[in-house]
$ cat work_35.cif   # mmCIF, C-alpha atoms
data_query
#
loop_
_atom_site.label_atom_id
_atom_site.label_comp_id
_atom_site.auth_asym_id
_atom_site.auth_seq_id
_atom_site.Cartn_x
_atom_site.Cartn_y
_atom_site.Cartn_z
CA MET A 1 2.77 -23.30 -31.09
CA SER A 2 3.36 -24.06 -27.41
CA GLU A 3 0.62 -23.49 -24.86
CA ALA A 4 0.75 -19.94 -23.52
CA PHE A 5 1.35 -19.56 -19.79
CA GLN A 6 -0.99 -17.55 -17.57
CA ALA A 7 -0.37 -15.75 -14.28
CA PRO A 8 -0.90 -18.10 -11.30
CA VAL A 9 -4.35 -18.27 -9.71
CA GLY A 10 -4.74 -15.46 -7.20
CA THR A 11 -2.14 -13.20 -8.83
CA HIS A 12 -2.43 -10.52 -11.48
CA ASP A 13 -0.31 -8.49 -13.87
CA VAL A 14 -0.25 -4.70 -13.61
CA LEU A 15 0.41 -2.75 -16.80
CA GLY A 16 -0.86 0.07 -18.97
CA ALA A 17 -3.31 2.54 -17.42
CA GLU A 18 -3.52 0.49 -14.21
CA ALA A 19 0.26 0.66 -13.79
CA ALA A 20 0.04 4.46 -14.03
CA GLN A 21 -2.43 4.43 -11.14
CA TRP A 22 -0.10 2.24 -9.10
CA GLU A 23 2.83 4.52 -9.77
CA GLY A 24 0.81 7.50 -8.57
CA VAL A 25 -0.35 6.03 -5.27
CA ILE A 26 3.12 4.64 -4.48
CA ALA A 27 4.91 7.89 -5.32
CA THR A 28 2.42 9.90 -3.26
CA PHE A 29 2.98 7.61 -0.29
CA ALA A 30 6.77 7.82 -0.59
CA GLN A 31 6.71 11.61 -0.69
CA LEU A 32 4.35 11.89 2.29
CA ALA A 33 6.37 9.38 4.33
CA TYR A 34 9.48 11.46 3.63
CA ARG A 35 7.73 14.56 5.01
CA TYR A 36 6.95 12.62 8.19
CA GLY A 37 10.60 11.63 8.61
CA PHE A 38 10.45 8.03 7.37
CA SER A 39 13.14 6.28 5.31
CA MET A 40 12.54 3.38 2.95
CA ILE A 41 13.33 -0.19 4.00
CA VAL A 42 13.50 -3.29 1.77
CA THR A 43 13.50 -6.73 3.41
CA PRO A 44 13.61 -10.23 1.84
CA VAL A 45 10.39 -11.60 0.40
CA PHE A 46 10.87 -14.76 2.47
CA GLU A 47 12.01 -15.21 6.06
CA GLU A 48 12.62 -18.04 8.50
CA VAL A 49 9.14 -19.31 9.35
CA GLY A 50 9.71 -18.49 13.03
CA VAL A 51 9.75 -14.77 12.27
CA PHE A 52 6.05 -14.96 11.48
CA ASN A 53 5.05 -17.74 13.87
CA ARG A 54 6.39 -15.81 16.86
CA GLY A 55 4.80 -12.56 15.75
CA ILE A 56 1.38 -13.32 14.31
CA GLY A 57 0.92 -16.47 16.40
CA GLU A 58 1.76 -20.06 15.53
CA LYS A 59 -1.90 -21.04 15.97
CA SER A 60 -3.35 -18.07 14.12
CA GLU A 61 -5.41 -18.65 11.00
CA VAL A 62 -2.77 -16.95 8.86
CA ALA A 63 -0.03 -19.25 10.15
CA THR A 64 -2.03 -22.47 10.01
CA LYS A 65 -4.09 -21.98 6.84
CA GLU A 66 -2.77 -19.13 4.69
CA MET A 67 1.01 -18.85 4.96
CA TYR A 68 3.17 -20.20 2.13
CA VAL A 69 5.74 -22.39 3.91
CA PHE A 70 8.51 -24.29 2.09
CA GLU A 71 11.75 -26.10 2.68
CA ASP A 72 14.75 -24.99 0.62
CA ARG A 73 17.40 -27.24 -0.86
CA GLY A 74 19.45 -26.94 2.32
CA GLY A 75 16.62 -28.21 4.52
CA ARG A 76 15.79 -24.81 6.04
CA THR A 77 12.12 -23.91 6.54
CA TYR A 78 11.06 -20.53 5.20
CA ALA A 79 7.80 -18.68 4.61
CA LEU A 80 6.79 -16.12 2.02
CA ARG A 81 5.94 -12.86 3.71
CA PRO A 82 2.22 -12.82 4.72
CA GLU A 83 2.44 -9.29 6.17
CA GLY A 84 4.90 -6.42 6.40
CA THR A 85 5.58 -5.74 10.08
CA ALA A 86 7.47 -8.80 11.33
CA PRO A 87 10.25 -8.59 8.67
CA VAL A 88 10.87 -4.93 9.51
CA VAL A 89 11.11 -5.72 13.21
CA ARG A 90 13.45 -8.64 12.45
CA ALA A 91 15.67 -6.24 10.45
CA PHE A 92 15.53 -3.75 13.34
CA VAL A 93 16.67 -6.40 15.82
CA GLN A 94 19.44 -7.56 13.48
CA HIS A 95 20.89 -4.15 12.59
CA ASN A 96 20.17 -2.16 15.79
CA PRO A 97 19.60 1.26 14.12
CA THR A 98 19.35 4.60 15.91
CA LEU A 99 16.09 5.20 17.80
CA PRO A 100 13.44 6.07 17.00
CA PHE A 101 13.57 3.90 13.89
CA LYS A 102 11.05 5.14 11.31
CA ALA A 103 10.73 3.07 8.13
CA TRP A 104 8.29 2.90 5.23
CA TYR A 105 7.93 0.11 2.68
CA PHE A 106 6.16 -1.09 -0.43
CA THR A 107 6.10 -4.86 -0.62
CA PRO A 108 4.27 -7.90 -1.97
CA ALA A 109 2.62 -10.17 0.61
CA PHE A 110 1.37 -13.72 0.15
CA ARG A 111 -1.57 -15.59 1.61
CA TYR A 112 -3.20 -18.74 0.34
CA GLU A 113 -6.89 -17.86 0.43
CA ARG A 114 -9.86 -17.80 -1.91
CA PRO A 115 -9.17 -15.12 -4.54
CA GLN A 116 -11.78 -12.42 -4.98
CA LYS A 117 -11.95 -8.87 -6.21
CA GLY A 118 -9.38 -6.78 -4.35
CA ARG A 119 -8.10 -9.83 -2.45
CA TYR A 120 -5.31 -11.81 -4.08
CA ARG A 121 -2.93 -14.56 -3.00
CA GLU A 122 -0.18 -12.11 -3.87
CA HIS A 123 -1.17 -8.62 -2.88
CA HIS A 124 0.85 -5.46 -2.27
CA GLN A 125 1.15 -3.32 0.82
CA LEU A 126 2.27 0.19 1.61
CA GLY A 127 3.18 0.62 5.25
CA VAL A 128 5.23 2.27 7.96
CA GLU A 129 6.80 1.08 11.22
CA VAL A 130 8.16 3.11 14.15
CA LEU A 131 10.24 1.44 16.84
CA GLY A 132 11.72 2.94 19.98
CA SER A 133 8.98 4.99 21.64
CA GLU A 134 5.76 4.34 23.54
CA ASP A 135 4.80 8.03 23.42
CA PRO A 136 1.11 8.40 22.45
CA ALA A 137 2.27 11.16 20.09
CA ILE A 138 3.81 8.46 17.89
CA ASP A 139 0.44 6.71 17.66
CA VAL A 140 -1.15 10.03 16.69
CA GLU A 141 1.51 10.68 14.04
CA VAL A 142 1.17 7.24 12.44
CA ILE A 143 -2.64 7.44 12.27
CA SER A 144 -2.44 11.01 10.99
CA LEU A 145 -0.03 9.94 8.25
CA LEU A 146 -2.43 7.32 6.91
CA ASN A 147 -5.31 9.79 7.15
CA ASP A 148 -3.33 12.41 5.21
CA TYR A 149 -2.35 9.81 2.63
CA PHE A 150 -5.88 8.69 1.86
CA LYS A 151 -6.92 12.32 1.48
CA ALA A 152 -3.92 13.01 -0.76
CA VAL A 153 -4.87 10.25 -3.21
CA GLY A 154 -8.45 11.55 -3.38
CA LEU A 155 -10.44 9.36 -0.99
CA LYS A 156 -13.34 11.06 0.76
CA GLN A 157 -15.69 8.31 1.95
CA PHE A 158 -13.73 6.68 4.75
CA ARG A 159 -13.86 6.43 8.53
CA ILE A 160 -11.27 5.64 11.21
CA LEU A 161 -12.08 2.98 13.80
CA ILE A 162 -9.88 2.92 16.90
CA ASN A 163 -9.55 0.85 20.06
CA SER A 164 -7.08 -0.17 22.75
CA MET A 165 -6.27 -3.82 23.39
CA GLY A 166 -4.43 -2.94 26.58
CA HIS A 167 -1.11 -4.46 27.50
CA GLU A 168 -0.48 -8.12 28.22
CA GLU A 169 -1.59 -8.00 31.86
CA CYS A 170 -4.94 -6.23 31.60
CA ARG A 171 -5.80 -7.95 28.34
CA SER A 172 -5.14 -11.35 29.89
CA LYS A 173 -7.57 -10.59 32.70
CA TYR A 174 -10.19 -9.56 30.16
CA VAL A 175 -9.67 -12.76 28.15
CA GLU A 176 -10.21 -14.82 31.31
CA THR A 177 -13.45 -12.96 31.98
CA LEU A 178 -14.61 -13.36 28.38
CA ARG A 179 -13.76 -17.07 28.36
CA ALA A 180 -15.72 -17.65 31.56
CA TYR A 181 -18.69 -15.80 30.06
CA LEU A 182 -18.58 -17.83 26.85
CA ALA A 183 -18.18 -21.22 28.55
CA ASP A 184 -21.92 -21.44 29.21
CA ARG A 185 -22.86 -20.09 25.78
CA VAL A 186 -20.67 -22.07 23.38
CA ASP A 187 -23.70 -23.56 21.60
CA GLN A 188 -24.82 -20.03 20.68
CA LEU A 189 -21.61 -19.23 18.75
CA CYS A 190 -21.20 -19.76 15.00
CA GLU A 191 -20.38 -23.30 13.96
CA GLU A 192 -16.69 -22.59 13.36
CA HIS A 193 -16.07 -20.94 16.73
CA GLN A 194 -17.94 -23.58 18.67
CA LYS A 195 -14.94 -25.79 17.93
CA VAL A 196 -12.09 -23.32 18.56
CA TRP A 197 -13.53 -20.67 20.89
CA ASP A 198 -11.13 -21.46 23.74
CA GLN A 199 -7.95 -21.63 21.60
CA ASN A 200 -7.79 -17.90 20.84
CA THR A 201 -10.82 -16.41 22.52
CA LEU A 202 -10.04 -12.83 21.57
CA ARG A 203 -10.37 -13.69 17.88
CA LEU A 204 -14.14 -14.14 18.39
CA LEU A 205 -14.36 -10.35 18.39
CA ASP A 206 -13.14 -10.45 14.77
CA CYS A 207 -16.00 -12.76 13.72
CA LYS A 208 -18.63 -10.98 11.61
CA LYS A 209 -21.26 -13.75 11.85
CA VAL A 210 -24.51 -12.73 13.53
CA GLU A 211 -24.31 -15.37 16.26
CA CYS A 212 -20.84 -14.41 17.49
CA VAL A 213 -21.54 -10.69 17.25
CA ALA A 214 -24.70 -11.02 19.34
CA ILE A 215 -23.06 -13.09 22.08
CA THR A 216 -19.88 -11.01 22.41
CA ASP A 217 -21.76 -7.69 22.24
CA ALA A 218 -23.85 -8.81 25.20
CA GLY A 219 -20.81 -9.94 27.17
CA PRO A 220 -17.89 -8.22 28.92
CA GLN A 221 -16.26 -5.42 26.91
CA LEU A 222 -12.52 -4.87 26.51
CA PRO A 223 -12.58 -1.10 27.20
CA ASP A 224 -14.07 -1.79 30.64
CA HIS A 225 -11.06 -3.93 31.60
CA LEU A 226 -8.20 -1.60 30.65
CA CYS A 227 -5.81 -0.73 33.47
CA THR A 228 -5.34 2.91 34.47
CA GLU A 229 -2.07 3.18 32.54
CA CYS A 230 -3.50 1.80 29.29
CA GLU A 231 -6.63 3.91 29.57
CA ALA A 232 -4.50 7.04 30.06
CA HIS A 233 -2.41 6.12 26.99
CA PHE A 234 -5.53 5.65 24.89
CA THR A 235 -7.03 8.92 26.13
CA ALA A 236 -3.85 10.74 25.10
CA VAL A 237 -4.03 9.18 21.62
CA LYS A 238 -7.65 10.26 21.18
CA SER A 239 -7.02 13.80 22.40
CA GLY A 240 -3.97 14.09 20.14
CA LEU A 241 -5.98 13.08 17.10
CA GLU A 242 -8.79 15.43 18.10
CA ALA A 243 -6.30 18.30 18.31
CA LEU A 244 -5.32 17.60 14.68
CA GLY A 245 -8.96 17.46 13.57
CA VAL A 246 -8.79 13.71 12.88
CA SER A 247 -12.14 12.10 13.73
CA CYS A 248 -12.20 8.52 15.04
CA GLU A 249 -14.85 6.08 16.22
CA ARG A 250 -14.04 3.96 19.27
CA THR A 251 -14.84 0.36 18.34
CA PRO A 252 -14.58 -2.13 21.25
CA ARG A 253 -14.56 -5.14 18.89
CA LEU A 254 -11.49 -3.94 16.98
CA VAL A 255 -8.70 -6.32 18.03
CA ARG A 256 -6.99 -6.87 14.64
CA GLY A 257 -5.88 -10.34 13.57
CA PHE A 258 -2.35 -10.86 14.89
CA ASP A 259 -1.13 -11.83 18.34
CA TYR A 260 1.53 -9.12 18.47
CA TYR A 261 -0.84 -6.17 18.88
CA THR A 262 -0.93 -4.24 22.18
CA ARG A 263 -2.74 -1.07 23.21
CA THR A 264 -3.69 1.13 20.22
CA THR A 265 -5.33 -0.61 17.26
CA PHE A 266 -6.94 1.20 14.35
CA GLU A 267 -8.57 0.51 11.01
CA PHE A 268 -9.59 2.70 8.09
CA VAL A 269 -12.79 1.57 6.34
CA SER A 270 -14.27 2.76 3.06
CA ASP A 271 -17.99 3.45 2.99
CA ALA A 272 -17.84 3.14 -0.80
CA LEU A 273 -16.98 -0.58 -0.59
CA ASP A 274 -18.99 -3.60 0.50
CA GLY A 275 -19.00 -3.97 4.27
CA ALA A 276 -17.38 -7.39 4.25
CA GLN A 277 -14.33 -6.11 2.32
CA ASN A 278 -14.21 -2.42 3.24
CA ALA A 279 -10.95 -2.23 5.22
CA ILE A 280 -8.40 -0.16 3.30
CA GLY A 281 -5.68 0.07 5.92
CA GLY A 282 -4.95 -0.46 9.57
CA GLY A 283 -2.46 -1.35 12.23
CA GLY A 284 -1.53 -0.73 15.83
CA ARG A 285 1.03 -1.08 18.58
CA TYR A 286 3.21 -4.15 19.03
CA ASP A 287 5.30 -3.35 22.11
CA LYS A 288 6.45 -6.96 22.64
CA LEU A 289 7.32 -8.01 19.07
CA ALA A 290 11.00 -6.97 19.07
CA GLU A 291 11.53 -8.98 22.24
CA GLN A 292 9.71 -11.99 20.74
CA LEU A 293 12.09 -11.87 17.78
CA GLY A 294 15.18 -11.95 20.00
CA GLY A 295 15.79 -8.24 20.55
CA ASN A 296 15.67 -5.95 23.54
CA PRO A 297 12.25 -4.81 24.74
CA THR A 298 11.34 -2.06 22.26
CA PRO A 299 7.89 -0.52 21.75
CA GLY A 300 6.62 -0.20 18.19
CA ILE A 301 3.66 0.83 16.07
CA GLY A 302 2.82 0.70 12.37
CA PHE A 303 0.21 0.17 9.68
CA GLY A 304 -0.28 -1.52 6.34
CA SER A 305 -2.54 -0.56 3.44
CA GLY A 306 -3.31 -2.84 0.50
CA VAL A 307 -2.79 -1.18 -2.87
CA GLU A 308 -5.37 -3.34 -4.65
CA ARG A 309 -8.08 -2.54 -2.09
CA LEU A 310 -7.17 1.14 -2.12
CA LEU A 311 -7.58 1.30 -5.91
CA LEU A 312 -10.99 -0.39 -5.59
CA ALA A 313 -12.05 2.28 -3.10
CA LEU A 314 -10.84 5.04 -5.43
CA GLU A 315 -12.75 3.45 -8.32
CA ALA A 316 -15.89 3.18 -6.19
CA GLU A 317 -15.66 6.91 -5.50
CA GLY A 318 -15.12 7.68 -9.19
CA GLN A 319 -11.45 8.61 -8.71
CA THR A 320 -9.79 6.80 -11.62
CA GLU A 321 -7.34 9.37 -13.00
CA PRO A 322 -3.66 8.63 -12.27
CA LEU A 323 -2.05 10.95 -9.74
CA ILE A 324 1.02 11.33 -11.97
CA ASN A 325 0.89 12.33 -15.64
CA ARG A 326 2.93 9.80 -17.58
CA THR A 327 2.01 10.84 -21.14
CA PRO A 328 5.04 12.00 -23.15
CA ALA A 329 5.46 15.65 -24.07
CA VAL A 330 7.04 15.03 -27.48
CA PHE A 331 6.83 12.34 -30.16
CA VAL A 332 9.61 12.30 -32.78
CA VAL A 333 8.57 11.23 -36.29
CA ASP A 334 11.56 10.33 -38.47
CA THR A 335 11.53 8.95 -42.02
CA THR A 336 15.18 9.61 -42.86
CA GLU A 337 16.48 6.12 -41.94
CA THR A 338 19.33 7.86 -40.05
CA ASP A 339 20.14 8.54 -36.39
CA ALA A 340 18.19 11.79 -36.48
CA ALA A 341 15.38 10.58 -34.15
CA SER A 342 17.82 9.09 -31.66
CA LEU A 343 19.81 12.32 -31.47
CA ILE A 344 16.70 14.48 -31.02
CA CYS A 345 15.29 12.17 -28.35
CA HIS A 346 18.57 12.15 -26.47
CA GLU A 347 18.79 15.95 -26.49
CA LEU A 348 15.24 16.44 -25.23
CA ARG A 349 15.43 13.68 -22.62
CA SER A 350 18.68 15.10 -21.28
CA ALA A 351 16.83 18.38 -20.72
CA GLY A 352 14.13 16.58 -18.71
CA ILE A 353 11.50 16.36 -21.46
CA ALA A 354 9.58 13.06 -21.78
CA THR A 355 10.13 12.05 -25.40
CA VAL A 356 9.19 8.93 -27.41
CA ARG A 357 9.45 7.84 -31.05
CA ALA A 358 8.47 5.12 -33.52
CA TYR A 359 10.74 2.36 -34.83
CA ASP A 360 11.17 -0.03 -37.75
CA ASN A 361 11.23 2.68 -40.48
CA ARG A 362 7.46 3.02 -40.64
CA SER A 363 5.78 5.43 -43.03
CA MET A 364 5.00 9.01 -42.03
CA LYS A 365 1.27 8.19 -41.86
CA ALA A 366 1.84 5.16 -39.63
CA GLN A 367 4.13 7.09 -37.30
CA MET A 368 1.65 9.96 -37.00
CA LYS A 369 -1.06 7.50 -35.92
CA VAL A 370 1.21 6.23 -33.16
CA ALA A 371 2.10 9.80 -32.21
CA ASP A 372 -1.55 10.73 -31.81
CA LYS A 373 -2.30 7.64 -29.68
CA SER A 374 0.70 8.36 -27.44
CA GLY A 375 -0.98 11.43 -25.97
CA ALA A 376 2.06 13.60 -26.71
CA ARG A 377 1.48 17.34 -26.96
CA PHE A 378 3.90 17.93 -29.84
CA ALA A 379 5.26 15.94 -32.76
CA LEU A 380 8.67 16.73 -34.21
CA LEU A 381 8.82 15.74 -37.88
CA VAL A 382 12.06 15.12 -39.72
CA GLY A 383 12.14 13.74 -43.26
CA PRO A 384 14.75 13.77 -46.01
CA GLN A 385 13.89 17.36 -46.99
CA GLU A 386 14.06 18.68 -43.42
CA LEU A 387 17.30 16.79 -42.85
CA ALA A 388 18.90 18.31 -45.94
CA ALA A 389 17.77 21.82 -44.99
CA GLY A 390 18.75 21.50 -41.31
CA GLN A 391 15.13 22.04 -40.32
CA ILE A 392 12.60 20.37 -37.99
CA THR A 393 8.82 20.67 -38.28
CA ILE A 394 6.98 20.99 -34.97
CA ARG A 395 3.27 20.18 -34.91
CA ASP A 396 0.83 20.80 -32.05
CA LEU A 397 -1.11 17.53 -31.79
CA ARG A 398 -3.61 18.85 -29.26
CA SER A 399 -4.62 22.10 -30.92
CA GLU A 400 -8.41 22.46 -30.97
CA GLU A 401 -8.24 24.56 -34.13
CA LYS A 402 -6.66 23.73 -37.49
CA ILE A 403 -3.37 21.86 -37.57
CA GLU A 404 -0.63 24.17 -36.34
CA GLN A 405 2.91 23.50 -37.44
CA ILE A 406 6.04 25.49 -38.18
CA SER A 407 9.54 24.69 -39.36
CA ILE A 408 12.48 25.79 -37.23
CA PRO A 409 16.25 25.40 -37.46
CA ARG A 410 17.46 22.11 -35.97
CA GLU A 411 19.63 23.88 -33.38
CA LYS A 412 16.61 25.74 -31.98
CA VAL A 413 14.46 22.65 -31.33
CA LEU A 414 15.20 22.37 -27.63
CA ALA A 415 14.59 26.05 -26.91
CA GLU A 416 11.33 26.00 -28.89
CA VAL A 417 9.99 22.92 -27.13
CA LEU A 418 10.95 24.27 -23.69
CA SER A 419 9.21 27.56 -24.50
CA ARG A 420 6.03 25.85 -25.65
CA LEU A 421 5.98 23.68 -22.53
CA GLY A 422 6.40 26.76 -20.35
CA LYS A 423 9.76 25.66 -18.97
#
$ encode --input "work_35.cif" --output "structure tokens"
Amino acid sequence: MSEAFQAPVGTHDVLGAEAAQWEGVIATFAQLAYRYGFSMIVTPVFEEVGVFNRGIGEKSEVATKEMYVFEDRGGRTYALRPEGTAPVVRAFVQHNPTLPFKAWYFTPAFRYERPQKGRYREHHQLGVEVLGSEDPAIDVEVISLLNDYFKAVGLKQFRILINSMGHEECRSKYVETLRAYLADRVDQLCEEHQKVWDQNTLRLLDCKKVECVAITDAGPQLPDHLCTECEAHFTAVKSGLEALGVSCERTPRLVRGFDYYTRTTFEFVSDALDGAQNAIGGGGRYDKLAEQLGGNPTPGIGFGSGVERLLLALEAEGQTEPLINRTPAVFVVDTTETDAASLICHELRSAGIATVRAYDNRSMKAQMKVADKSGARFALLVGPQELAAGQITIRDLRSEEKIEQISIPREKVLAEVLSRLGK
């Protein structure tokens, strides 16, 4: 026997009960996005490497350490998608759709990093992007959508952190001030940032190590350096969320991890998860990204939420039941060695009834065991005697009392099942 293959390190298979959970959270997101006026978008799983280098930053940690980069047989350099926003913006620039462009997606994303629970080298994101408006109302709508989604799937223990990174001009002035402050205190930073503090100074605010937190907390703060225009935009976002009853915490250190962010940034954190890995979704504005990818200046905002991390948060809160019931309604048991089961299944499925059956001419006892394990409400039994008499036996598999079953004419099966299911 040949050696059996395993899923690659940092990836995982999704099947069975877990797959039912995935289906529920994805379907819930799709339905909610539709209510908010979003349409689905599907982009390639790999792009020209420049799509990501221009957006997230060629010197960012994702680009230099985590991105899967490869050369194809034609000598072109591509990268597997490390995040969802840049490909959508690239598609927007390429196809020039009507504004505002509102798209939602479900996609795998790839990052080469140390695998751990809820953090894989291939993970999956749900997200939205809106391009074509800098109205603070769009920011409010996008944050509200993610808030409504987490509530819809059953999460209760989460908070919303929010900040403004300002636009390029006022943020640049703040970075100069921060860099000047840190120049005399480099030896007090964590070991890693002592070496790279001046390459991307703003990223120090992302560092969770005690040394960096202490130094940056004592230094100049980003909110104090916002220009009047950016402060007014942020105030409008906060008041809009307040009007909807969406509570947020202003967090001056929240700068997110990619270079393309401007103005509004936000993050949803789960209090049911460990603090180091408690982010369950987040995003922000990226008003320069379309231009960086070769398009006309076009403001944009979006978010991404990792499915694996979301399911961990639901589990931590004790919410493990799938949002969609995928157990069959009917199980057909057939011992006639004819097409009887196929015909019955086809009739019920055509009427919208989830119906399954056994195969391989198993015995009645064996098929009934499978029927019981399937979770089906009813079993339809057809053997040689029923077939000859034009009858079907219907048995309630979930009756709490004694076994309930009756025989009915074959032509009345559909009507009987629909009646019992309340349809």
$ resolve_selection --input "work_35.cif" --expression "the PyMOL selection byres ((chain A and resi 292) around 10)" --output "list in words"
Val51, Arg54, Gly55, Val89, Arg90, Tyr260, Asp287, Lys288, Leu289, Ala290, Glu291, Leu293, Gly294, Gly295, Asn296 and Pro297 of chain A
$ closest_residue --input "work_35.cif" --among "A:His233, A:Ala376, A:Pro409, A:Ala79" --to "Asn325 of chain A" --atoms "only C-alpha atoms"
A:Ala376
$ closest_atom_pairs --input "work_35.cif" --of "segment 316-396 of chain A" --to "segment 8-30 of chain A" --cutoff "7 Å" --atoms "only C-alpha atoms" --output "Markdown table"
| residue | atom | partner | partner_atom | distance |
| --- | --- | --- | --- | --- |
| A:Pro322 | CA | A:Gln21 | CA | 4.5 |
| A:Leu323 | CA | A:Gly24 | CA | 4.6 |
| A:Ile324 | CA | A:Gly24 | CA | 5.1 |
$ closest_atom_pairs --input "work_35.cif" --of "segment 273-360 of chain A" --to "segment 106-110 of chain A" --cutoff "12 Å" --atoms "all atoms listed in the file" --output "CSV"
residue,atom,partner,partner_atom,distance
A:Phe303,CA,A:Phe106,CA,11.8
A:Gly304,CA,A:Phe106,CA,9.4
A:Ser305,CA,A:Phe106,CA,9.5
A:Gly306,CA,A:Ala109,CA,9.4
A:Val307,CA,A:Phe106,CA,9.3
A:Glu308,CA,A:Pro108,CA,11.0
$ resolve_selection --input "work_35.cif" --expression "the PyMOL selection byres ((chain A and resi 174-182) around 9)" --output "list in words"
Glu169, Cys170, Arg171, Ser172, Lys173, Ala183, Asp184, Arg185, Val186, Leu189, Trp197, Asp198, Thr201, Leu202, Ile215, Thr216, Gly219, Pro220, Gln221, Leu222, Asp224, His225 and Leu226 of chain A
$ closest_residue --input "work_35.cif" --among "A:Ala340, A:Leu161, A:Val356, A:Met364" --to "Ile392 of chain A" --atoms "all atoms listed in the file"
A:Ala340
